[in-house]
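Dropping final36.cif in here (mmCIF, C-alpha atoms):
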```
data_data
#
loop_
_atom_site.label_atom_id
_atom_site.label_comp_id
_atom_site.auth_asym_id
_atom_site.auth_seq_id
_atom_site.Cartn_x
_atom_site.Cartn_y
_atom_site.Cartn_z
CA MET A 1 -18.16 -5.00 -9.58
CA LYS A 2 -15.03 -6.80 -10.74
CA THR A 3 -15.14 -10.58 -11.03
CA CYS A 4 -11.35 -10.88 -10.48
CA LYS A 5 -11.10 -13.64 -13.08
CA GLU A 6 -8.88 -12.07 -15.72
CA GLU A 7 -5.25 -13.16 -15.79
CA ILE A 8 -2.57 -10.73 -14.70
CA THR A 9 1.01 -11.66 -15.66
CA MET A 10 2.47 -10.13 -12.54
CA TYR A 11 4.22 -10.81 -9.31
CA ILE A 12 1.74 -10.01 -6.56
CA ILE A 13 3.46 -9.30 -3.23
CA VAL A 14 1.42 -9.71 -0.05
CA ASP A 15 2.05 -10.25 3.64
CA LYS A 16 2.62 -13.92 4.47
CA LYS A 17 -0.14 -13.54 7.07
CA MET A 18 -2.74 -12.52 4.47
CA PRO A 19 -5.88 -14.71 4.73
CA ALA A 20 -5.62 -17.91 2.70
CA ALA A 21 -8.74 -17.04 0.71
CA VAL A 22 -7.10 -13.82 -0.49
CA VAL A 23 -3.93 -15.64 -1.53
CA LYS A 24 -5.97 -18.28 -3.37
CA LYS A 25 -7.91 -15.64 -5.31
CA LEU A 26 -4.78 -13.71 -6.25
CA ALA A 27 -2.99 -16.91 -7.29
CA GLY A 28 -5.45 -17.20 -10.14
CA MET A 29 -4.31 -13.85 -11.48
CA GLY A 30 -0.54 -13.89 -11.05
CA GLU A 31 2.39 -15.34 -9.10
CA VAL A 32 1.82 -14.54 -5.44
CA ILE A 33 4.90 -13.77 -3.36
CA ARG A 34 4.19 -14.19 0.35
CA PHE A 35 6.42 -11.56 1.91
CA HIS A 36 7.94 -11.93 5.38
CA THR A 37 10.95 -10.82 7.41
CA SER A 38 12.33 -11.80 10.81
CA GLY A 39 14.20 -9.78 13.42
CA ILE A 40 14.02 -6.49 11.51
CA THR A 41 10.89 -4.76 12.75
CA TYR A 42 7.99 -5.61 15.04
CA GLU A 43 5.97 -8.70 14.24
CA ALA A 44 2.66 -7.09 13.28
CA ILE A 45 4.20 -5.31 10.28
CA SER A 46 7.16 -7.62 9.61
CA GLY A 47 5.53 -8.88 6.40
CA HIS A 48 4.10 -5.60 5.16
CA PRO A 49 5.44 -4.73 1.69
CA ASP A 50 4.76 -1.01 2.21
CA VAL A 51 7.21 -0.93 5.13
CA PHE A 52 10.13 -2.07 2.96
CA ILE A 53 9.23 -1.06 -0.61
CA HIS A 54 8.22 2.35 -1.97
CA PRO A 55 6.95 2.59 -5.57
CA ILE A 56 8.23 5.92 -6.93
CA ASN A 57 6.21 5.33 -10.10
CA GLU A 58 5.14 2.34 -12.21
CA ASN A 59 8.75 1.80 -13.33
CA THR A 60 10.85 2.43 -10.21
CA LEU A 61 10.98 1.09 -6.65
CA VAL A 62 13.01 2.34 -3.70
CA ILE A 63 13.76 -0.54 -1.34
CA ALA A 64 15.15 -0.67 2.17
CA PRO A 65 18.83 -1.70 2.25
CA ASN A 66 17.99 -4.46 4.76
CA LEU A 67 15.25 -5.98 2.63
CA PRO A 68 16.04 -9.73 2.75
CA GLN A 69 18.28 -10.78 -0.11
CA LYS A 70 15.85 -13.30 -1.60
CA PHE A 71 13.34 -10.51 -2.17
CA LYS A 72 16.04 -8.24 -3.59
CA ASN A 73 16.86 -11.03 -6.04
CA LEU A 74 13.21 -11.37 -7.02
CA LEU A 75 12.79 -7.65 -7.60
CA SER A 76 15.99 -7.47 -9.64
CA ALA A 77 14.48 -10.05 -12.01
CA THR A 78 11.56 -7.75 -12.90
CA LYS A 79 11.44 -5.02 -15.54
CA LEU A 80 11.66 -2.38 -12.83
CA ASN A 81 14.41 0.02 -11.88
CA ILE A 82 15.37 -0.92 -8.30
CA VAL A 83 17.04 1.78 -6.18
CA GLU A 84 18.30 1.09 -2.68
CA GLY A 85 17.43 3.61 0.02
CA SER A 86 19.84 4.86 2.64
CA ARG A 87 17.99 4.00 5.87
CA PRO A 88 17.44 0.44 7.07
CA VAL A 89 14.02 -0.41 8.41
CA GLY A 90 14.23 -0.54 12.21
CA THR A 91 12.45 -2.18 15.09
CA GLY A 92 10.07 0.65 15.98
CA PHE A 93 8.69 3.99 14.88
CA PRO A 94 10.00 6.11 13.16
CA ALA A 95 12.65 3.71 11.82
CA SER A 96 9.86 1.49 10.48
CA ALA A 97 8.21 4.32 8.52
CA SER A 98 10.97 5.58 6.21
CA TYR A 99 9.49 3.96 3.08
CA ASN A 100 5.81 4.26 4.01
CA ALA A 101 5.23 7.34 1.86
CA VAL A 102 2.77 7.76 -1.02
CA SER A 103 3.95 8.84 -4.47
CA THR A 104 1.57 9.97 -7.20
CA GLU A 105 2.49 11.41 -10.58
CA HIS A 106 2.94 14.95 -9.28
CA THR A 107 3.02 14.62 -5.49
CA LEU A 108 4.91 12.98 -2.62
CA ILE A 109 2.93 12.62 0.61
CA HIS A 110 4.53 11.72 3.93
CA ASN A 111 5.75 12.94 7.29
CA PHE A 112 9.01 14.28 5.91
CA ARG A 113 10.78 14.09 9.24
CA HIS A 114 10.88 10.35 8.65
CA THR A 115 11.19 9.90 4.86
CA ASP A 116 14.22 8.13 3.47
CA PRO A 117 16.46 10.79 1.83
CA VAL A 118 16.70 8.80 -1.42
CA ILE A 119 12.93 9.05 -1.90
CA LYS A 120 12.95 12.80 -1.31
CA GLU A 121 15.85 13.29 -3.71
CA MET A 122 14.23 11.23 -6.45
CA ARG A 123 10.98 13.19 -6.10
CA HIS A 124 12.57 16.63 -5.56
CA GLU A 125 10.85 18.14 -8.62
CA THR A 126 7.36 17.15 -7.44
CA ALA A 127 5.06 18.80 -4.91
CA PHE A 128 5.55 17.72 -1.29
CA ILE A 129 2.56 17.45 1.05
CA HIS A 130 3.57 16.95 4.67
CA VAL A 131 1.26 14.99 6.96
CA GLU A 132 1.78 14.12 10.61
CA GLN A 133 0.97 10.43 10.16
CA GLY A 134 4.28 8.62 9.63
CA TYR A 135 2.59 5.46 8.38
CA THR A 136 1.15 7.32 5.42
CA ARG A 137 0.81 4.48 2.91
CA CYS A 138 -0.78 2.27 5.57
CA ASN A 139 -3.50 4.90 5.87
CA LEU A 140 -3.79 6.20 2.33
CA LEU A 141 -4.79 4.77 -1.03
CA ALA A 142 -4.00 7.03 -3.98
CA LEU A 143 -6.39 6.83 -6.93
CA GLY A 144 -4.39 9.02 -9.26
CA ASP A 145 -3.06 12.44 -8.32
CA ARG A 146 -6.26 14.09 -7.09
CA HIS A 147 -8.40 11.39 -5.50
CA PHE A 148 -7.67 9.38 -2.36
CA ILE A 149 -9.21 7.19 0.33
CA SER A 150 -7.76 7.48 3.83
CA SER A 151 -8.32 5.98 7.28
CA ASP A 152 -6.52 8.89 8.97
CA ALA A 153 -8.52 12.04 9.73
CA GLY A 154 -5.42 14.24 9.75
CA ILE A 155 -4.29 13.06 6.32
CA THR A 156 -7.81 13.59 5.00
CA THR A 157 -7.93 17.17 6.26
CA THR A 158 -4.46 18.00 4.93
CA LEU A 159 -5.21 16.64 1.47
CA LYS A 160 -8.49 18.55 1.27
CA ASN A 161 -6.66 21.72 2.33
CA ASN A 162 -4.30 21.10 -0.60
CA GLY A 163 -7.14 20.88 -3.11
CA LYS A 164 -7.38 17.07 -3.22
CA ASN A 165 -10.49 14.90 -2.94
CA CYS A 166 -10.30 12.39 -0.10
CA LEU A 167 -12.85 9.95 1.29
CA PHE A 168 -12.38 9.23 5.00
CA ILE A 169 -12.98 5.65 6.17
CA ASP A 170 -12.94 4.93 9.92
CA PRO A 171 -10.30 2.23 10.58
CA LYS A 172 -12.33 0.52 13.32
CA GLY A 173 -13.09 -3.04 12.35
CA ILE A 174 -10.10 -3.43 10.02
CA LEU A 175 -8.04 -6.41 11.15
CA LEU A 176 -4.34 -6.15 12.05
CA PRO A 177 -3.32 -8.94 14.44
CA GLY A 178 -1.55 -7.47 17.46
CA PHE A 179 -3.38 -4.13 17.28
CA LYS A 180 -6.92 -3.00 18.04
CA HIS A 181 -7.39 -2.24 14.34
CA GLY A 182 -5.53 -1.84 11.06
CA PHE A 183 -5.74 0.78 8.32
CA LEU A 184 -7.52 1.08 5.00
CA GLY A 185 -4.47 1.58 2.77
CA GLY A 186 -2.98 -1.66 4.01
CA CYS A 187 -6.02 -3.56 2.73
CA CYS A 188 -5.69 -2.35 -0.85
CA GLY A 189 -3.79 -2.61 -4.08
CA LEU A 190 -4.40 -0.75 -7.34
CA TYR A 191 -3.78 -2.23 -10.76
CA LYS A 192 -4.92 -0.35 -13.86
CA ASN A 193 -8.54 0.62 -13.18
CA THR A 194 -9.27 -1.83 -10.37
CA VAL A 195 -8.89 -1.57 -6.61
CA TYR A 196 -8.20 -4.97 -5.04
CA LEU A 197 -9.50 -5.22 -1.49
CA SER A 198 -8.43 -7.86 1.05
CA GLY A 199 -11.92 -8.33 2.42
CA SER A 200 -15.49 -7.41 1.67
CA ALA A 201 -16.74 -3.83 1.78
CA ASP A 202 -19.94 -5.29 3.26
CA HIS A 203 -18.05 -5.74 6.52
CA HIS A 204 -17.40 -2.01 6.90
CA PRO A 205 -20.07 0.57 7.85
CA ARG A 206 -18.91 2.80 4.98
CA GLY A 207 -18.46 0.04 2.46
CA GLN A 208 -21.15 1.48 0.23
CA ASN A 209 -19.33 4.83 0.31
CA ILE A 210 -16.18 3.10 -0.94
CA ARG A 211 -18.09 1.49 -3.79
CA HIS A 212 -19.79 4.74 -4.77
CA TYR A 213 -16.57 6.76 -4.64
CA LEU A 214 -14.78 4.27 -6.91
CA GLU A 215 -17.71 4.19 -9.32
CA THR A 216 -17.71 7.98 -9.65
CA LEU A 217 -14.03 7.74 -10.66
CA GLY A 218 -14.70 4.99 -13.20
CA LEU A 219 -12.85 2.41 -11.11
CA SER A 220 -13.84 -1.19 -10.34
CA LEU A 221 -13.68 -2.97 -7.00
CA CYS A 222 -12.43 -6.54 -6.65
CA GLN A 223 -13.22 -7.99 -3.20
CA LEU A 224 -10.76 -10.82 -2.60
CA TYR A 225 -12.69 -12.70 0.08
CA LYS A 226 -15.94 -12.43 2.00
CA GLY A 227 -14.46 -11.68 5.42
CA PRO A 228 -13.61 -8.42 7.22
CA LEU A 229 -10.98 -6.08 5.82
CA PHE A 230 -7.44 -7.29 6.59
CA ASP A 231 -4.47 -4.91 6.77
CA GLY A 232 -1.51 -6.69 5.19
CA GLY A 233 0.55 -3.66 4.27
CA GLY A 234 -0.95 -3.34 0.82
CA ILE A 235 -1.08 -5.53 -2.29
CA LEU A 236 1.80 -4.77 -4.63
CA PHE A 237 1.45 -5.65 -8.33
CA LEU A 238 4.76 -5.80 -10.22
CA PRO A 239 5.39 -6.76 -13.88
CA LYS A 240 7.47 -9.84 -14.55
CA SER A 241 10.50 -9.61 -16.81
#
```

Kindly present the structure from the file in structure tokens form.
Amino acid sequence: MKTCKEEITMYIIVDKKMPAAVVKKLAGMGEVIRFHTSGITYEAISGHPDVFIHPINENTLVIAPNLPQKFKNLLSATKLNIVEGSRPVGTGFPASASYNAVSTEHTLIHNFRHTDPVIKEMRHETAFIHVEQGYTRCNLLALGDRHFISSDAGITTTLKNNGKNCLFIDPKGILLPGFKHGFLGGCCGLYKNTVYLSGSADHHPRGQNIRHYLETLGLSLCQLYKGPLFDGGGILFLPKS
């Protein structure tokens, strides 16, 4: 498995509430940005990057119009194309799910009743797969266009029915303060051929399944601390300018 020691010249955006051991490990690989907001949405997800930022592809982000200005300024200093969405993130569901879609090279996956229109317009030439789970990115890690890991049974079934491969991981035991559990997608980030995990797979009953699935795809696993999996709304790796 990955040693996590190689340097990554990136901004790495994580929830401010991410465990200190995770932040320390990531700080050795890039500049960690501890993301947080106040008074926009409910506290448990107020620092989740995947609630406010949707990566269309490796070059383009769609951001919520009410993303705090200091984070807009940071993103504008990267090499990325930054596009502002039309819907502000709101206090509850579904207003907090507009940007929580998953984009792969050829597919957009979300509950399209709740997707920000700018995302749908920018991806209009790709395949759309509708799922009932509005917090799609929270529950889904894309490993390319055909392979996924999900903590939502409905998403898993829908993807398989659309010819995709998807490993289901029960969300029980994943930490999300304020809720009985979190979700697998919110524990993960993908950079090149490595999945970065905020926690140890040893703390999950299907941890060995995660390892095996990644190995079959030629991917590495970097476990960022030895504790249980922590849902921080994903780990977002962005190139610096």

The PyMOL selection byres ((chain A and resi 27) around 12) applied to the shown file, residues as a ChimeraX atom specification: /A:4-14,20-26,28-34,224

Going by the chain IDs and residue numbers used in this file, which residues fall under the PyMOL selection byres ((chain A and resi 45) around 9)? Write them as a PyMOL selection string. chain A and resi 15+41-44+46-49+51+96+176+232-233

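Distance check against Asn59 in chain A using all atoms listed in the file: of A:Thr37, A:Thr78, A:Ser86, A:Thr91, the minimum falls on A:Thr78.
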
Hey, which bits of range 153-226 of chain A sit within 10 Å of range 135-141 of chain A, and for each residue what's the closest pair of atoms and how far apart in Å (one decimal), counting all atoms listed in the file, rows by chain and increasing number, as CSV?
```
residue,atom,partner,partner_atom,distance
A:Ala153,CA,A:Asn139,CA,9.5
A:Ile155,CA,A:Leu140,CA,8.0
A:Thr156,CA,A:Leu140,CA,8.8
A:Cys166,CA,A:Leu140,CA,9.3
A:Leu167,CA,A:Leu141,CA,9.9
A:Phe168,CA,A:Leu140,CA,9.5
A:Ile169,CA,A:Asn139,CA,9.5
A:Pro171,CA,A:Asn139,CA,8.7
A:Gly182,CA,A:Cys138,CA,8.3
A:Phe183,CA,A:Asn139,CA,5.3
A:Leu184,CA,A:Asn139,CA,5.6
A:Gly185,CA,A:Asn139,CA,4.6
A:Gly186,CA,A:Cys138,CA,4.8
A:Cys187,CA,A:Cys138,CA,8.3
A:Cys188,CA,A:Leu141,CA,7.2
A:Gly189,CA,A:Leu141,CA,8.0
A:Leu190,CA,A:Leu141,CA,8.4
A:Val195,CA,A:Leu141,CA,9.4
```

Rank A:Lys240, A:His130, A:Arg87, A:Lys79 by their smallest atom-to-atom distance to Leu61 in chain A, using only C-alpha atoms, and report the top residue only.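 When distances to Leu61 in chain A are compared using only C-alpha atoms, the smallest one comes from A:Lys79.
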
Mind checking which residues fall within 10 Å of Gly134 in chain A, counting all atoms listed in the file, ignoring those fewer than 6 positions away in the same chain, and posting them as a PyMOL selection string? chain A and resi 93-101+109-115

Check the smallest atom-to-atom distance from each of A:Thr104, A:Gln69, A:Thr194, A:Asn57 to His36 in chain A using only C-alpha atoms, then report the winner.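 Selected residue with least distance to His36 in chain A: A:Gln69.
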
For range 210-213 of chain A, please output as a list in words all residues within 9 Å (counting all atoms listed in the file; exclusion window: fewer than 5 positions along the same chain). Met1, Ile149, Leu167, Ile169, Ala201, Gly218, Leu219, Ser220 and Leu221 of chain A

Counting all atoms listed in the file, which of A:Glu215, A:Asp231, A:Asp170, A:Asp50 gets nearest to Leu197 in chain A?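 Closest to Leu197 in chain A of all the choices is A:Asp231.
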
Evaluate the PyMOL selection byres ((chain A and resi 62) around 7) and record the selected residues as number ranges by chain, following the chain and residue labels used in the document. A: 53-56, 60-61, 63-64, 82-85, 119

Residue subset to file, keeping C-alpha atoms, as a compact mmCIF listing (two decimals), in the frame of the given file:
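File out_14.txt, as written:
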```txt
# COMPACT_ATOMS: atom_id res chain seq x y z
CA ILE A 53 9.23 -1.06 -0.61
CA HIS A 54 8.22 2.35 -1.97
CA PRO A 55 6.95 2.59 -5.57
CA ILE A 56 8.23 5.92 -6.93
CA THR A 60 10.85 2.43 -10.21
CA LEU A 61 10.98 1.09 -6.65
CA ILE A 63 13.76 -0.54 -1.34
CA ALA A 64 15.15 -0.67 2.17
CA ILE A 82 15.37 -0.92 -8.30
CA VAL A 83 17.04 1.78 -6.18
CA GLU A 84 18.30 1.09 -2.68
CA GLY A 85 17.43 3.61 0.02
CA ILE A 119 12.93 9.05 -1.90
```

Counting all atoms listed in the file, select every polymer residue within 9 Å of (-15.4, -11.6, 9.2) as defined in the file's coordinates, and provide the selection as a list in words. Gly199, Ser200, His203, Lys226, Gly227, Pro228 and Leu229 of chain A

Around (8.6, 14.4, -1.6), as given in the file, which residues come within 8 Å? Count all atoms listed in the file and list them as a ChimeraX atom specification. /A:103,107-110,112,119-121,123-124,126-129

Suppose you want the space between CA of Lys164 in chain A and CA of His147 in chain A; what is it in Å?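 Going from CA of Lys164 in chain A over to CA of His147 in chain A, I get 6.2 Å.
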
Nearest residue to Gly144 in chain A from the set A:Asn81, A:Phe52, A:Lys192, A:Cys222 (distances using only C-alpha atoms):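 So, comparing all the options, the nearest one is A:Lys192.
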
CA of Ser150 in chain A and CA of Gly178 in chain A are how many Å apart? 21.2 Å

Any idea what the distance is between CA of Val102 in chain A and CA of Asp202 in chain A?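 Between CA of Val102 in chain A and CA of Asp202 in chain A the gap works out to 26.5 Å.
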
Restricting the calculation to only C-alpha atoms: of A:Leu214, A:Asn161, A:Asn66, A:Ser76, which residue gets closest to Ala142 in chain A? A:Leu214

Please define a box with edges along x, y and z of the file around all atoms of range 109-128 of chain A given in the file, extend it by 6 Å on each side, and return its centre and edge lengths in Å to one decimal, as JSON.
```
{"center_x": 9.8, "center_y": 13.5, "center_z": 0.3, "size_x": 25.8, "size_y": 22.7, "size_z": 29.9}
```

Emit a file covering range 47-174 of chain A of the preceding structure with C-alpha atoms, as an mmCIF file, in the first residue's frame.
```cif
data_model
loop_
_atom_site.group_PDB
_atom_site.id
_atom_site.type_symbol
_atom_site.label_atom_id
_atom_site.label_comp_id
_atom_site.auth_asym_id
_atom_site.auth_seq_id
_atom_site.Cartn_x
_atom_site.Cartn_y
_atom_site.Cartn_z
ATOM 1 C CA GLY A 47 -17.105 22.411 6.058
ATOM 2 C CA HIS A 48 -17.644 19.747 3.419
ATOM 3 C CA PRO A 49 -15.974 20.702 0.121
ATOM 4 C CA ASP A 50 -18.323 18.462 -1.885
ATOM 5 C CA VAL A 51 -21.328 20.522 -0.753
ATOM 6 C CA PHE A 52 -19.945 23.727 -2.291
ATOM 7 C CA ILE A 53 -17.572 22.609 -5.070
ATOM 8 C CA HIS A 54 -18.237 20.273 -8.000
ATOM 9 C CA PRO A 55 -15.287 19.157 -10.166
ATOM 10 C CA ILE A 56 -16.612 18.919 -13.733
ATOM 11 C CA ASN A 57 -13.264 17.478 -14.821
ATOM 12 C CA GLU A 58 -9.604 17.889 -13.842
ATOM 13 C CA ASN A 59 -9.569 21.411 -15.304
ATOM 14 C CA THR A 60 -12.934 22.916 -14.305
ATOM 15 C CA LEU A 61 -14.856 23.477 -11.076
ATOM 16 C CA VAL A 62 -18.434 24.654 -10.592
ATOM 17 C CA ILE A 63 -18.756 26.492 -7.280
ATOM 18 C CA ALA A 64 -21.737 27.671 -5.290
ATOM 19 C CA PRO A 65 -22.344 31.428 -5.649
ATOM 20 C CA ASN A 66 -22.352 31.773 -1.846
ATOM 21 C CA LEU A 67 -19.010 30.040 -1.374
ATOM 22 C CA PRO A 68 -17.161 32.375 1.040
ATOM 23 C CA GLN A 69 -15.097 34.958 -0.814
ATOM 24 C CA LYS A 70 -11.759 33.918 0.667
ATOM 25 C CA PHE A 71 -12.179 30.466 -0.865
ATOM 26 C CA LYS A 72 -13.277 31.966 -4.178
ATOM 27 C CA ASN A 73 -10.069 34.010 -4.137
ATOM 28 C CA LEU A 74 -8.001 30.906 -3.446
ATOM 29 C CA LEU A 75 -9.603 28.937 -6.256
ATOM 30 C CA SER A 76 -9.186 31.812 -8.699
ATOM 31 C CA ALA A 77 -5.424 31.663 -8.036
ATOM 32 C CA THR A 78 -5.196 28.071 -9.317
ATOM 33 C CA LYS A 79 -4.776 26.881 -12.898
ATOM 34 C CA LEU A 80 -8.417 25.823 -12.986
ATOM 35 C CA ASN A 81 -11.390 27.225 -14.836
ATOM 36 C CA ILE A 82 -13.819 28.368 -12.116
ATOM 37 C CA VAL A 83 -17.508 28.623 -13.067
ATOM 38 C CA GLU A 84 -20.126 29.922 -10.664
ATOM 39 C CA GLY A 85 -23.341 27.941 -10.346
ATOM 40 C CA SER A 86 -26.788 29.471 -10.189
ATOM 41 C CA ARG A 87 -28.128 28.056 -6.912
ATOM 42 C CA PRO A 88 -26.773 29.066 -3.505
ATOM 43 C CA VAL A 89 -26.211 26.306 -0.995
ATOM 44 C CA GLY A 90 -29.045 26.410 1.541
ATOM 45 C CA THR A 91 -29.688 25.404 5.110
ATOM 46 C CA GLY A 92 -31.265 22.007 4.477
ATOM 47 C CA PHE A 93 -31.967 19.356 1.874
ATOM 48 C CA PRO A 94 -32.317 19.679 -1.109
ATOM 49 C CA ALA A 95 -30.739 23.158 -1.156
ATOM 50 C CA SER A 96 -27.567 21.659 0.327
ATOM 51 C CA ALA A 97 -27.238 19.015 -2.409
ATOM 52 C CA SER A 98 -27.110 21.045 -5.645
ATOM 53 C CA TYR A 99 -23.354 20.527 -6.156
ATOM 54 C CA ASN A 100 -23.084 17.052 -4.628
ATOM 55 C CA ALA A 101 -23.081 15.275 -7.986
ATOM 56 C CA VAL A 102 -20.403 12.990 -9.435
ATOM 57 C CA SER A 103 -18.823 13.708 -12.814
ATOM 58 C CA THR A 104 -16.697 11.171 -14.673
ATOM 59 C CA GLU A 105 -15.294 11.510 -18.173
ATOM 60 C CA HIS A 106 -18.473 10.328 -19.878
ATOM 61 C CA THR A 107 -21.149 10.396 -17.171
ATOM 62 C CA LEU A 108 -22.924 12.703 -14.723
ATOM 63 C CA ILE A 109 -24.515 10.955 -11.744
ATOM 64 C CA HIS A 110 -26.982 12.669 -9.412
ATOM 65 C CA ASN A 111 -30.586 13.108 -8.394
ATOM 66 C CA PHE A 112 -31.354 15.511 -11.216
ATOM 67 C CA ARG A 113 -34.290 17.062 -9.419
ATOM 68 C CA HIS A 114 -31.691 18.804 -7.271
ATOM 69 C CA THR A 115 -28.689 19.414 -9.561
ATOM 70 C CA ASP A 116 -27.557 22.965 -10.186
ATOM 71 C CA PRO A 117 -28.588 23.886 -13.776
ATOM 72 C CA VAL A 118 -25.073 25.092 -14.633
ATOM 73 C CA ILE A 119 -23.679 21.609 -13.978
ATOM 74 C CA LYS A 120 -26.310 19.972 -16.169
ATOM 75 C CA GLU A 121 -25.715 22.466 -18.973
ATOM 76 C CA MET A 122 -21.947 22.002 -18.876
ATOM 77 C CA ARG A 123 -22.345 18.213 -19.009
ATOM 78 C CA HIS A 124 -25.251 18.131 -21.493
ATOM 79 C CA GLU A 125 -23.301 16.044 -24.029
ATOM 80 C CA THR A 126 -22.520 13.283 -21.513
ATOM 81 C CA ALA A 127 -24.664 10.398 -20.274
ATOM 82 C CA PHE A 128 -26.892 11.177 -17.289
ATOM 83 C CA ILE A 129 -27.551 8.517 -14.649
ATOM 84 C CA HIS A 130 -30.290 9.509 -12.216
ATOM 85 C CA VAL A 131 -30.134 8.194 -8.655
ATOM 86 C CA GLU A 132 -32.523 8.896 -5.804
ATOM 87 C CA GLN A 133 -29.777 9.792 -3.322
ATOM 88 C CA GLY A 134 -29.358 13.571 -3.437
ATOM 89 C CA TYR A 135 -26.047 13.469 -1.578
ATOM 90 C CA THR A 136 -24.469 11.478 -4.383
ATOM 91 C CA ARG A 137 -20.820 12.501 -3.990
ATOM 92 C CA CYS A 138 -21.025 11.926 -0.237
ATOM 93 C CA ASN A 139 -21.935 8.325 -1.013
ATOM 94 C CA LEU A 140 -19.949 7.632 -4.160
ATOM 95 C CA LEU A 141 -16.286 7.472 -5.099
ATOM 96 C CA ALA A 142 -15.651 7.319 -8.842
ATOM 97 C CA LEU A 143 -12.575 5.364 -9.933
ATOM 98 C CA GLY A 144 -12.736 6.303 -13.580
ATOM 99 C CA ASP A 145 -15.848 5.977 -15.710
ATOM 100 C CA ARG A 146 -16.737 2.339 -15.062
ATOM 101 C CA HIS A 147 -15.677 1.527 -11.506
ATOM 102 C CA PHE A 148 -17.082 2.930 -8.271
ATOM 103 C CA ILE A 149 -17.338 2.400 -4.524
ATOM 104 C CA SER A 150 -20.585 3.445 -2.841
ATOM 105 C CA SER A 151 -22.113 3.463 0.633
ATOM 106 C CA ASP A 152 -25.646 3.752 -0.786
ATOM 107 C CA ALA A 153 -27.430 0.558 -1.841
ATOM 108 C CA GLY A 154 -29.703 2.401 -4.274
ATOM 109 C CA ILE A 155 -26.793 4.059 -6.071
ATOM 110 C CA THR A 156 -25.009 0.708 -6.247
ATOM 111 C CA THR A 157 -28.010 -0.998 -7.834
ATOM 112 C CA THR A 158 -28.584 1.811 -10.328
ATOM 113 C CA LEU A 159 -24.968 1.852 -11.460
ATOM 114 C CA LYS A 160 -24.903 -1.916 -11.912
ATOM 115 C CA ASN A 161 -28.125 -1.685 -13.935
ATOM 116 C CA ASN A 162 -26.303 0.817 -16.165
ATOM 117 C CA GLY A 163 -23.407 -1.545 -16.816
ATOM 118 C CA LYS A 164 -21.027 -0.112 -14.204
ATOM 119 C CA ASN A 165 -18.997 -1.975 -11.587
ATOM 120 C CA CYS A 166 -19.712 -0.820 -8.045
ATOM 121 C CA LEU A 167 -18.533 -2.118 -4.675
ATOM 122 C CA PHE A 168 -21.038 -1.518 -1.870
ATOM 123 C CA ILE A 169 -19.638 -0.547 1.541
ATOM 124 C CA ASP A 170 -22.034 -0.339 4.503
ATOM 125 C CA PRO A 171 -21.776 3.186 5.988
ATOM 126 C CA LYS A 172 -22.197 1.998 9.589
ATOM 127 C CA GLY A 173 -19.150 2.893 11.626
ATOM 128 C CA ILE A 174 -18.112 5.836 9.440
#
```
